[in-house]
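K.L.:
File follows, query-v1.cif with mmCIF, C-alpha atoms:
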```
data_data
loop_
_atom_site.label_atom_id
_atom_site.label_comp_id
_atom_site.auth_asym_id
_atom_site.auth_seq_id
_atom_site.Cartn_x
_atom_site.Cartn_y
_atom_site.Cartn_z
CA MET A 1 -95.11 -29.72 -14.25
CA PRO A 2 -95.07 -26.21 -15.79
CA ARG A 3 -97.19 -23.54 -14.16
CA ILE A 4 -100.30 -22.61 -16.07
CA ASN A 5 -100.54 -18.87 -16.52
CA LYS A 6 -104.20 -18.32 -17.22
CA LEU A 7 -103.85 -14.58 -17.72
CA THR A 8 -100.48 -13.97 -19.32
CA LEU A 9 -101.07 -10.23 -19.16
CA LEU A 10 -100.83 -10.20 -15.38
CA PRO A 11 -97.33 -10.61 -13.97
CA LYS A 12 -96.51 -14.04 -12.52
CA VAL A 13 -96.42 -14.20 -8.75
CA PRO A 14 -92.78 -14.89 -7.82
CA LEU A 15 -92.10 -17.88 -5.57
CA LEU A 16 -89.00 -19.03 -3.74
CA ILE A 17 -87.17 -21.97 -5.29
CA THR A 18 -88.03 -24.09 -2.27
CA GLU A 19 -91.76 -23.35 -2.65
CA SER A 20 -94.18 -25.45 -4.66
CA ALA A 21 -95.77 -23.75 -7.65
CA ASP A 22 -98.54 -26.36 -7.64
CA GLU A 23 -99.45 -25.51 -4.06
CA PHE A 24 -99.58 -21.84 -4.94
CA ASP A 25 -101.77 -22.55 -7.99
CA ALA A 26 -104.08 -24.63 -5.78
CA LEU A 27 -104.39 -21.75 -3.33
CA ARG A 28 -105.11 -19.27 -6.14
CA ASP A 29 -107.67 -21.63 -7.70
CA ALA A 30 -109.40 -21.95 -4.33
CA PHE A 31 -109.70 -18.15 -4.13
CA GLU A 32 -110.93 -18.02 -7.72
CA ARG A 33 -113.63 -20.57 -6.90
CA GLU A 34 -114.71 -18.52 -3.89
CA ILE A 35 -114.57 -15.04 -5.37
CA LYS A 36 -115.49 -15.96 -8.97
CA PRO A 37 -113.67 -13.00 -10.50
CA ARG A 38 -115.26 -11.26 -13.46
CA GLY A 39 -112.96 -9.17 -15.62
CA ILE A 40 -109.32 -8.32 -15.40
CA VAL A 41 -109.61 -5.98 -12.40
CA GLU A 42 -111.18 -8.67 -10.22
CA GLN A 43 -108.60 -11.19 -11.52
CA MET A 44 -105.92 -8.74 -10.43
CA TYR A 45 -107.33 -8.63 -6.94
CA VAL A 46 -107.63 -12.42 -6.70
CA ARG A 47 -103.95 -12.74 -7.62
CA ASP A 48 -103.08 -10.06 -5.12
CA ILE A 49 -105.01 -11.79 -2.34
CA SER A 50 -103.47 -15.19 -3.18
CA SER A 51 -100.00 -13.69 -3.21
CA ILE A 52 -100.55 -11.93 0.13
CA VAL A 53 -101.98 -15.06 1.77
CA TRP A 54 -99.04 -17.08 0.41
CA GLU A 55 -96.60 -14.60 1.94
CA ILE A 56 -98.49 -14.61 5.25
CA LEU A 57 -98.19 -18.42 5.35
CA ARG A 58 -94.47 -18.18 4.51
CA LEU A 59 -93.81 -15.67 7.30
CA ARG A 60 -95.90 -17.62 9.84
CA ARG A 61 -93.86 -20.74 9.08
CA CYS A 62 -90.67 -18.71 9.51
CA LYS A 63 -91.91 -17.39 12.83
CA VAL A 64 -92.39 -20.89 14.21
CA VAL A 65 -89.01 -22.02 12.88
CA ILE A 66 -87.23 -18.99 14.36
CA ILE A 67 -88.66 -19.84 17.80
CA ASN A 68 -87.78 -23.53 17.39
CA ALA A 69 -84.25 -22.65 16.29
CA ALA A 70 -83.78 -20.60 19.44
CA PHE A 71 -84.83 -23.54 21.67
CA ARG A 72 -81.35 -24.97 22.26
CA SER A 73 -79.73 -21.74 23.35
CA ALA A 74 -82.87 -20.90 25.37
CA LEU A 75 -82.70 -24.20 27.22
CA GLN A 76 -78.98 -23.76 27.82
CA GLU A 77 -79.56 -20.27 29.22
CA LEU A 78 -82.33 -21.54 31.48
CA LEU A 79 -80.23 -24.46 32.71
CA VAL A 80 -77.32 -22.16 33.51
CA GLN A 81 -79.70 -20.13 35.66
CA VAL A 82 -81.21 -23.09 37.54
CA LEU A 83 -78.05 -25.18 37.91
CA ARG A 84 -75.98 -22.35 39.37
CA GLN A 85 -75.45 -22.71 43.11
CA PRO A 86 -74.75 -19.71 45.35
CA GLY A 87 -71.11 -18.73 44.97
CA GLN A 88 -70.75 -20.34 41.52
CA SER A 89 -70.16 -18.35 38.36
CA ARG A 90 -71.99 -19.15 35.12
CA TYR A 91 -68.79 -20.63 33.69
CA ASP A 92 -68.85 -23.34 36.39
CA VAL A 93 -72.12 -24.78 35.09
CA GLU A 94 -72.02 -23.73 31.44
CA HIS A 95 -70.43 -26.93 30.18
CA ASP A 96 -73.02 -29.17 31.91
CA ALA A 97 -75.86 -26.95 30.72
CA GLN A 98 -74.59 -27.10 27.16
CA ALA A 99 -74.31 -30.90 27.16
CA LEU A 100 -77.74 -31.34 28.73
CA ALA A 101 -79.35 -28.87 26.31
CA LEU A 102 -77.86 -30.75 23.36
CA ALA A 103 -78.95 -34.15 24.68
CA TRP A 104 -82.50 -32.90 25.39
CA PHE A 105 -83.36 -33.11 21.67
CA THR A 106 -82.37 -36.76 21.20
CA ASP A 107 -82.12 -38.47 24.58
CA GLN A 108 -85.29 -39.28 26.56
CA GLU A 109 -83.26 -39.62 29.76
CA ALA A 110 -81.85 -36.13 29.32
CA LYS A 111 -85.36 -34.82 28.66
CA LYS A 112 -86.55 -36.41 31.89
CA GLN A 113 -83.59 -34.99 33.78
CA VAL A 114 -84.29 -31.49 32.46
CA SER A 115 -87.95 -31.79 33.45
CA GLU A 116 -86.93 -32.78 36.98
CA ILE A 117 -84.46 -29.90 37.29
CA LEU A 118 -87.04 -27.42 36.01
CA SER A 119 -89.81 -28.79 38.23
CA GLN A 120 -87.68 -28.04 41.30
CA PHE A 121 -88.29 -24.41 40.48
CA LYS A 122 -91.92 -24.99 39.44
CA LEU A 123 -90.96 -24.56 35.79
CA ASP A 124 -91.85 -26.71 32.78
CA GLU A 125 -91.19 -26.79 29.02
CA PHE A 126 -93.16 -23.58 28.54
CA ALA A 127 -90.33 -21.80 30.36
CA ILE A 128 -87.97 -22.93 27.57
CA GLU A 129 -90.40 -21.68 24.93
CA ALA A 130 -90.78 -18.38 26.76
CA GLN A 131 -87.00 -17.94 26.84
CA ALA A 132 -86.79 -18.84 23.12
CA ILE A 133 -89.44 -16.22 22.31
CA ARG A 134 -87.67 -13.71 24.55
CA SER A 135 -84.29 -14.23 22.87
CA SER A 136 -85.77 -13.82 19.37
CA SER A 137 -88.20 -11.05 20.30
CA ALA A 138 -86.53 -8.40 18.09
CA ASP A 139 -86.95 -10.57 14.99
CA LEU A 140 -90.42 -11.71 16.00
CA GLU A 141 -91.51 -8.10 16.44
CA LEU A 142 -90.38 -7.22 12.92
CA LEU A 143 -92.08 -10.34 11.57
CA ASP A 144 -95.28 -9.42 13.38
CA ARG A 145 -95.24 -5.95 11.87
CA LEU A 146 -94.86 -7.46 8.42
CA LEU A 147 -97.67 -9.91 9.11
CA THR A 148 -99.98 -7.17 10.41
CA SER A 149 -99.29 -5.08 7.34
CA LEU A 150 -99.97 -8.04 5.02
CA GLU A 151 -103.16 -9.02 6.84
CA SER A 152 -104.47 -5.48 6.64
CA ARG A 153 -103.63 -5.34 2.91
CA ARG A 154 -105.39 -8.68 2.34
CA ASP A 155 -108.54 -7.39 4.06
CA LYS A 156 -108.39 -4.16 2.05
CA ALA A 157 -108.04 -6.11 -1.20
CA LEU A 158 -111.08 -8.23 -0.29
CA GLY A 159 -112.99 -5.05 0.53
CA CYS A 160 -111.92 -3.51 -2.78
CA VAL A 161 -113.32 -6.45 -4.77
CA ALA A 162 -116.66 -6.04 -2.98
CA GLU A 163 -116.59 -2.27 -3.45
CA TYR A 164 -115.70 -2.54 -7.14
CA ARG A 165 -118.52 -5.03 -7.70
CA ALA A 166 -121.04 -2.98 -5.74
CA SER A 167 -120.06 0.18 -7.59
CA LEU A 168 -120.36 -1.52 -10.99
CA ALA A 169 -123.70 -3.08 -10.00
CA HIS A 170 -124.99 0.29 -8.80
CA GLN A 171 -123.97 2.02 -12.00
CA LEU A 172 -125.41 -0.76 -14.17
CA ARG A 173 -128.67 -0.44 -12.23
CA GLU A 174 -128.68 3.32 -12.80
CA SER A 175 -128.11 2.91 -16.54
CA ALA A 176 -130.80 0.24 -16.69
CA ASP A 177 -133.17 2.66 -14.92
CA ARG A 178 -132.32 5.37 -17.44
CA PHE A 179 -133.21 3.01 -20.26
CA VAL A 180 -136.46 2.06 -18.55
CA ASP A 181 -137.31 5.76 -18.07
CA GLY A 182 -136.67 6.33 -21.75
CA LYS A 183 -133.69 8.67 -21.28
CA GLY A 184 -131.32 6.01 -22.53
CA LEU A 185 -133.52 5.36 -25.54
CA HIS A 186 -133.40 9.06 -26.52
CA ARG A 187 -129.64 8.92 -26.32
CA LEU A 188 -129.56 5.79 -28.48
CA GLU A 189 -131.92 7.40 -30.99
CA ASP A 190 -129.76 10.53 -31.07
CA ALA A 191 -126.63 8.46 -31.65
CA ALA A 192 -128.37 6.46 -34.41
CA SER A 193 -129.61 9.61 -36.19
CA LYS A 194 -126.11 11.13 -35.98
CA ARG A 195 -124.64 8.00 -37.51
CA SER A 196 -127.17 8.02 -40.38
CA THR A 197 -126.54 11.73 -41.18
CA ALA A 198 -122.80 11.16 -41.11
CA ALA A 199 -123.20 8.23 -43.53
CA MET B 1 -83.66 39.58 3.37
CA ALA B 2 -80.59 38.36 5.25
CA SER B 3 -78.17 41.01 6.50
CA GLU B 4 -74.41 41.00 5.80
CA ARG B 5 -73.80 39.64 9.30
CA GLN B 6 -76.36 36.88 8.83
CA ILE B 7 -74.85 35.90 5.48
CA ALA B 8 -71.38 35.76 7.04
CA ALA B 9 -72.72 33.67 9.95
CA ASN B 10 -74.43 31.31 7.50
CA ARG B 11 -71.20 30.87 5.57
CA ARG B 12 -69.25 30.22 8.78
CA ASN B 13 -71.81 27.64 9.89
CA ALA B 14 -71.87 26.01 6.47
CA ARG B 15 -68.11 25.51 6.64
CA LYS B 16 -68.61 23.54 9.86
CA SER B 17 -71.03 21.15 8.12
CA THR B 18 -68.63 19.09 6.08
CA GLY B 19 -70.50 15.82 6.38
CA PRO B 20 -69.49 12.68 8.22
CA ARG B 21 -65.87 12.44 9.38
CA SER B 22 -65.46 8.86 10.54
CA GLY B 23 -64.76 6.11 8.04
CA ALA B 24 -67.99 4.31 8.88
CA GLY B 25 -69.98 7.56 8.54
CA ARG B 26 -68.44 8.35 5.16
CA LYS B 27 -69.09 4.81 3.96
CA ARG B 28 -72.71 5.07 5.02
CA ALA B 29 -73.14 8.50 3.43
CA SER B 30 -71.59 7.23 0.18
CA ARG B 31 -74.60 4.93 -0.17
CA ASN B 32 -77.18 7.67 0.43
CA ALA B 33 -78.08 7.97 -3.22
CA TYR B 34 -78.23 4.23 -3.68
CA ARG B 35 -81.52 2.50 -3.03
CA HIS B 36 -83.19 -0.21 -4.99
CA GLY B 37 -84.67 1.51 -8.01
CA LEU B 38 -88.23 0.79 -6.93
CA THR B 39 -89.24 4.42 -7.29
CA LEU B 40 -88.39 4.31 -11.00
CA SER B 41 -91.36 4.21 -13.35
CA VAL B 42 -92.23 0.69 -14.45
CA ALA B 43 -92.36 1.85 -18.04
CA SER B 44 -88.61 2.55 -17.95
CA SER B 45 -87.86 -0.71 -19.77
CA ALA B 46 -89.22 -1.32 -23.26
CA ALA B 47 -90.54 -4.83 -22.55
CA VAL B 48 -92.40 -3.67 -19.46
CA ALA B 49 -93.77 -0.64 -21.33
CA LYS B 50 -95.24 -3.04 -23.89
CA GLN B 51 -96.73 -5.22 -21.16
CA LEU B 52 -98.11 -2.07 -19.52
CA ASP B 53 -99.81 -0.95 -22.75
CA LYS B 54 -101.43 -4.37 -23.20
CA LEU B 55 -102.67 -4.39 -19.62
CA VAL B 56 -104.05 -0.85 -19.97
CA ARG B 57 -105.97 -1.90 -23.08
CA LYS B 58 -107.35 -4.96 -21.30
CA ILE B 59 -108.46 -2.97 -18.25
CA ALA B 60 -109.96 -0.10 -20.25
CA GLY B 61 -111.77 -2.37 -22.73
CA ASP B 62 -112.62 -1.02 -26.18
CA THR B 63 -113.12 2.57 -25.08
CA ASP B 64 -111.27 5.61 -26.42
CA ASP B 65 -112.29 7.79 -23.48
CA PRO B 66 -109.01 9.45 -22.40
CA ILE B 67 -110.07 9.62 -18.74
CA ILE B 68 -110.83 5.90 -18.58
CA LEU B 69 -107.57 5.15 -20.41
CA GLU B 70 -105.67 7.28 -17.90
CA ARG B 71 -107.31 5.53 -14.93
CA ALA B 72 -106.56 2.16 -16.52
CA ARG B 73 -102.92 3.20 -16.98
CA GLU B 74 -102.67 4.19 -13.30
CA THR B 75 -104.16 0.84 -12.28
CA ALA B 76 -101.85 -1.15 -14.55
CA GLN B 77 -98.80 0.82 -13.48
CA ALA B 78 -99.53 0.22 -9.79
CA GLU B 79 -100.13 -3.48 -10.50
CA LEU B 80 -96.75 -3.82 -12.22
CA ASP B 81 -95.12 -1.87 -9.36
CA LEU B 82 -96.57 -4.38 -6.93
CA ALA B 83 -95.20 -7.25 -8.99
CA ARG B 84 -91.78 -5.62 -9.04
CA VAL B 85 -91.67 -5.18 -5.26
CA ARG B 86 -92.71 -8.82 -4.80
CA ARG B 87 -89.95 -9.99 -7.13
CA ALA B 88 -87.47 -7.89 -5.15
CA LYS B 89 -88.62 -9.46 -1.87
CA VAL B 90 -88.22 -13.00 -3.20
CA ALA B 91 -84.82 -12.15 -4.73
CA LEU B 92 -83.57 -10.76 -1.41
CA ILE B 93 -84.58 -13.90 0.49
CA GLU B 94 -83.02 -16.14 -2.18
CA ARG B 95 -79.77 -14.16 -2.04
CA ALA B 96 -79.58 -14.29 1.75
CA SER B 97 -80.30 -18.02 1.61
CA ALA B 98 -77.51 -18.59 -0.92
CA PHE B 99 -74.81 -16.27 0.49
CA GLY B 100 -75.83 -15.79 4.10
CA GLU B 101 -76.07 -12.02 3.74
CA LEU B 102 -76.80 -9.32 1.17
CA ASP B 103 -73.44 -7.55 1.12
CA PRO B 104 -70.21 -9.45 0.47
CA PRO B 105 -68.25 -10.00 3.69
CA GLN B 106 -65.65 -7.30 4.27
CA LEU B 107 -62.47 -7.74 6.16
CA PHE B 108 -62.08 -4.10 7.10
CA GLY B 109 -64.70 -1.48 7.90
CA THR B 110 -62.48 1.57 7.48
CA VAL B 111 -59.30 2.73 5.73
CA THR B 112 -57.63 3.11 9.15
CA GLN B 113 -58.16 -0.59 9.82
CA ILE B 114 -56.55 -1.45 6.47
CA ILE B 115 -53.53 0.76 7.26
CA ARG B 116 -53.18 -0.82 10.71
CA ALA B 117 -53.32 -4.33 9.21
CA ILE B 118 -50.63 -3.42 6.62
CA HIS B 119 -48.40 -1.99 9.37
CA ALA B 120 -48.89 -5.13 11.47
CA LEU B 121 -48.01 -7.26 8.44
CA GLU B 122 -44.87 -5.19 7.70
CA ARG B 123 -43.67 -5.36 11.30
CA GLY B 124 -44.21 -9.11 11.39
CA ARG B 125 -46.83 -8.99 14.12
CA ILE B 126 -49.15 -11.01 11.88
CA SER B 127 -48.06 -13.47 9.20
CA SER B 128 -51.08 -12.98 6.89
CA LEU B 129 -54.30 -11.03 6.69
CA PRO B 130 -57.25 -12.75 8.40
CA GLU B 131 -59.83 -14.43 6.18
CA PRO B 132 -63.26 -12.73 6.01
CA ILE B 133 -66.04 -14.68 7.70
CA ASN B 134 -67.89 -16.84 5.21
CA SER B 135 -71.51 -15.91 5.95
CA SER B 136 -72.99 -18.79 3.97
CA ALA B 137 -71.18 -21.19 6.30
CA THR B 138 -73.17 -19.75 9.19
CA MET B 139 -76.47 -20.65 7.50
CA PRO B 140 -78.33 -23.79 8.62
CA PRO B 141 -77.92 -26.43 5.89
CA GLN B 142 -81.47 -27.81 6.05
CA GLU B 143 -84.89 -26.45 5.17
CA PRO B 144 -87.02 -24.94 6.66
CA TYR B 145 -84.31 -23.61 8.98
CA ARG B 146 -82.30 -22.14 6.12
CA LEU B 147 -85.25 -20.20 4.73
CA ALA B 148 -86.25 -18.94 8.18
CA GLU B 149 -82.69 -17.79 8.84
CA ALA B 150 -82.53 -16.07 5.44
CA VAL B 151 -85.82 -14.27 6.15
CA ARG B 152 -84.56 -13.32 9.62
CA ARG B 153 -81.39 -11.80 8.16
CA VAL B 154 -83.24 -9.64 5.61
CA LEU B 155 -86.13 -8.57 7.87
CA PRO B 156 -85.16 -4.85 7.91
CA GLU B 157 -85.01 -4.82 4.09
CA LEU B 158 -88.32 -6.68 3.84
CA ARG B 159 -89.88 -4.08 6.08
CA LYS B 160 -88.67 -1.28 3.79
CA LEU B 161 -90.01 -3.09 0.73
CA ASP B 162 -93.30 -3.63 2.53
CA ARG B 163 -93.76 0.15 2.66
CA TYR B 164 -93.28 0.40 -1.10
CA GLU B 165 -95.71 -2.44 -1.62
CA HIS B 166 -98.25 -0.75 0.61
CA ARG B 167 -97.99 2.51 -1.34
CA ALA B 168 -98.34 0.72 -4.67
CA ALA B 169 -101.43 -1.12 -3.38
CA VAL B 170 -103.01 2.15 -2.21
CA ARG B 171 -102.30 3.73 -5.62
CA ARG B 172 -103.88 0.77 -7.39
CA ASP B 173 -106.99 0.80 -5.16
CA GLN B 174 -107.50 4.52 -5.71
CA ALA B 175 -107.10 4.10 -9.47
CA VAL B 176 -109.57 1.18 -9.54
CA ARG B 177 -112.10 3.23 -7.54
CA ALA B 178 -111.74 6.13 -9.95
CA LEU B 179 -111.97 3.73 -12.90
CA SER B 180 -115.21 2.17 -11.68
CA VAL B 181 -116.73 5.66 -11.30
CA GLU B 182 -115.75 6.62 -14.86
CA SER B 183 -116.50 3.29 -16.54
CA VAL B 184 -120.28 3.16 -16.83
#
```
Mind turning this structure into structure tokens?
P.N.:
Amino acid sequence: MPRINKLTLLPKVPLLITESADEFDALRDAFEREIKPRGIVEQMYVRDISSIVWEILRLRRCKVVIINAAFRSALQELLVQVLRQPGQSRYDVEHDAQALALAWFTDQEAKKQVSEILSQFKLDEFAIEAQAIRSSSADLELLDRLLTSLESRRDKALGCVAEYRASLAHQLRESADRFVDGKGLHRLEDAASKRSTAA
Amino acid sequence: MASERQIAANRRNARKSTGPRSGAGRKRASRNAYRHGLTLSVASSAAVAKQLDKLVRKIAGDTDDPIILERARETAQAELDLARVRRAKVALIERASAFGELDPPQLFGTVTQIIRAIHALERGRISSLPEPINSSATMPPQEPYRLAEAVRRVLPELRKLDRYEHRAAVRRDQAVRALSVESV
């Protein structure tokens, strides 16, 4: 289904080929329903906010996947540490640790065995997760910086919509007051008399 | 004003500063002037200039006030800059996902390494040059692992682009603020 570009003047928000345009449109429509943009400037902000939120979701998904992808090597590393007996080198236990780490994902028996080994040292599956986070900490830190920057920009954009609206409302109120006080009427009369003399 | 001695000392010191000497340093310095073109004005292409003019007109409304038109132009320009940075971000991730990395894999980092490899080949120590590592083969085949790995590999570049995006957003917000003051 082709994407509907309601405002062709504004550039299309680029998506990855693996991402769903319909899902993005649904997200943008949800923001439009909430913010009810009036005019092109507010439309611009709604697109900006939708695009930022979309990117935040993308990066958050990546963050989880990066940790999950590091699970196997994290488990292997942990098993090497706990299986090693005094006097043994890491190479003595590496093969067993590797096999057990691989089986942990598919074999319930292996999972049980790992749990038992870890519990001997008062460790559980959180220790694997902690090691996975530790081994990908450099990437996670960069991702977090990107996320913080995006979140702050999203909040600023939301604030800007409110500020823009408040400023317009304030100025409209001021001009309405001028009309009520008669100053606006004088100006209109002046403009009308100038037009008639020019004609 | 610098004295004769100072001038001579400056010249002597300048001769010492001849830039990077190692192959890797020279290679890195050769890319100093190359960035990503994001600092170029958006209006540098005719099609975008046309789009910019239309957007300016839409933002400014039917006014001929030059100040409002200028503010509207600043807003539109920043908006198109933002769009350009976002396209660049997506393109980088797509490229890393397809090829495994942004630069093509290189067999040798320096000229010295090439010379050594040729000598080794001539003396029969190696029968052929090694194949460069195929980076795309190191990518996970399935989603969402492939996307996450692509994002992970281009994180430093994404961070740089994020700074450009931030600046464009600040420029747009300032222009919109100024526009709303001028508009009514």
K.L.:
So what do you get for CA of Val41 in chain A versus CA of Gln51 in chain B, distance-wise?
P.N.:
15.6 Å
K.L.:
Nearest to Leu142 in chain A among A:Ala166, A:Ala30, A:Leu59, A:Val180, with distances taken over all atoms listed in the file: which residue is it?
P.N.:
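Among A:Ala166, A:Ala30, A:Leu59, A:Val180, it is A:Leu59 that comes nearest to Leu142 in chain A.
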K.L.:
Quick one: which residues end up in the PyMOL selection byres ((chain B) within 7 of (chain A)) for this structure, as a ChimeraX atom specification?
P.N.:
/B:51,55,59,83,86-87,90,94,145,148,152,155,159,173,177,180,184
K.L.:
So, counting only C-alpha atoms, which residue among A:Ile133, A:Ala103, A:Leu158, A:Val82 is closest to Glu116 in chain A?
P.N.:
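The closest residue to Glu116 in chain A is A:Val82.
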K.L.:
Using all atoms listed in the file, which of A:Leu75, A:Leu100, A:Ala176, A:Val80 sits nearest Phe126 in chain A?
P.N.:
A:Leu75
K.L.:
Write out as a PyMOL selection string which residues come within 12 Å of Arg72 in chain A when counting all atoms listed in the file, dropping same-chain ones fewer than 6 positions away.
P.N.:
chain A and resi 66+78-79+97-106+128-129+131-133+135
K.L.:
Using all atoms listed in the file, which residues sit within 8 Å of Ala150 in chain B once same-chain residues fewer than 6 positions away are excluded, as a list of chain:residue names?
P.N.:
B:Ile93, B:Glu94, B:Ala96, B:Ser97, B:Gly100, B:Glu101, B:Met139
